[in-house]
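First comes the structure, then the notes that go with it.
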Amino acid sequence: MKTFLQLIIGIAICLLAAWLLRIDPATDYGWFMGIVHGVLLVPDWIISLFDKTWLLKAPLHTQMYNICWWICGVLNVIYWLWAITGTIMTITSRKSSRN
């Protein structure tokens, strides 16, 4: 249960950060925000499922934004897959060890 709660709290914090750092389509973003938006790719994607106006990537950006966004976005997706898989494996291994 503790592992599941840690995952839920982590998701909630990431969704809050994505909401606070929402992409403004009229702003030109540079490399630093490329890192930030790449790190928040999965939470932004989750929000975009419910809000069709939510952006995953800034329409106005520099080339370094694009490079940083892709690097951090790929690493973020890998991290979330690893975290969710690890949580599921931990929960199922604890259940099987109790029986």
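Going through the structure tokens in order, the chains are called A, B, and so on, while each chain numbers its residues from 1 and the ligands are numbered from 1 in the order shown.
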
Within 7 Å of range 19-35 of chain A, counting only C-alpha atoms, which residues show up once you throw out same-chain ones fewer than 6 positions away? Write them as a compact mmCIF listing (two decimals) with C-alpha atoms, in the first residue's frame, please.
```
# COMPACT_ATOMS: atom_id res chain seq x y z
CA LEU A 55 -0.21 21.67 -25.21
CA ALA A 58 5.42 24.89 -27.29
CA PRO A 59 4.57 26.02 -30.82
CA LEU A 60 7.10 28.89 -30.59
CA HIS A 61 10.51 27.57 -29.57
CA THR A 62 14.21 27.58 -30.36
CA MET A 64 17.74 23.99 -28.38
CA TYR A 65 14.24 23.84 -26.87
CA ASN A 66 13.41 21.13 -29.38
CA CYS A 68 16.18 19.43 -24.85
CA TRP A 69 12.46 18.62 -25.04
CA CYS A 72 14.08 14.92 -21.49
```

Worksheet item: Leaving out Trp45 in chain A and any residue of its chain fewer than 3 positions from it, which residues lie within 10 Å of it when counting only C-alpha atoms, given as a PyMOL selection string?
Response: chain A and resi 15+18+40-42+48-51+54-56

Worksheet item: Which residues in range 23-56 of chain A does DSSP call alpha helix (DSSP H)? List them as a PyMOL selection string.
Response: chain A and resi 31-39+41-50

So that I have them on file, write out the residues from the current selection with C-alpha atoms, as a PDB file, in the first residue's frame.
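Written out: selection-v5.pdb:
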```pdb
ATOM      1  CA  TRP A  31      16.480  25.512 -23.889  1.00  0.00           C
ATOM      2  CA  PHE A  32      15.702  25.642 -20.148  1.00  0.00           C
ATOM      3  CA  MET A  33      11.960  25.450 -20.668  1.00  0.00           C
ATOM      4  CA  GLY A  34      12.623  22.662 -23.168  1.00  0.00           C
ATOM      5  CA  ILE A  35      14.084  20.681 -20.284  1.00  0.00           C
ATOM      6  CA  VAL A  36      11.149  21.576 -18.021  1.00  0.00           C
ATOM      7  CA  HIS A  37       8.489  20.760 -20.617  1.00  0.00           C
ATOM      8  CA  GLY A  38      10.290  17.522 -21.528  1.00  0.00           C
ATOM      9  CA  VAL A  39      10.385  16.454 -17.888  1.00  0.00           C
ATOM     10  CA  LEU A  41       5.741  15.355 -20.855  1.00  0.00           C
ATOM     11  CA  VAL A  42       3.843  12.489 -19.207  1.00  0.00           C
ATOM     12  CA  PRO A  43       1.851  14.704 -16.807  1.00  0.00           C
ATOM     13  CA  ASP A  44       1.093  17.078 -19.693  1.00  0.00           C
ATOM     14  CA  TRP A  45      -0.085  14.118 -21.766  1.00  0.00           C
ATOM     15  CA  ILE A  46      -2.364  12.931 -18.936  1.00  0.00           C
ATOM     16  CA  ILE A  47      -3.907  16.418 -18.645  1.00  0.00           C
ATOM     17  CA  SER A  48      -4.295  16.657 -22.440  1.00  0.00           C
ATOM     18  CA  LEU A  49      -6.516  13.579 -22.360  1.00  0.00           C
ATOM     19  CA  PHE A  50      -9.097  15.637 -20.454  1.00  0.00           C
TER      20      PHE A  50
END
```

Fill in: 10 Å contact set for range 83-96 of chain A, only C-alpha atoms, chain neighbours under 3 positions out, as an NGL selection string
:A and (1-7 or 77-80 or 99)

Worksheet item: Expressed in Å to a single decimal, how great is the separation between CA of Lys52 in chain A and CA of Trp82 in chain A?
Response: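 Rounded to one decimal, the two atoms are 27.2 Å apart.
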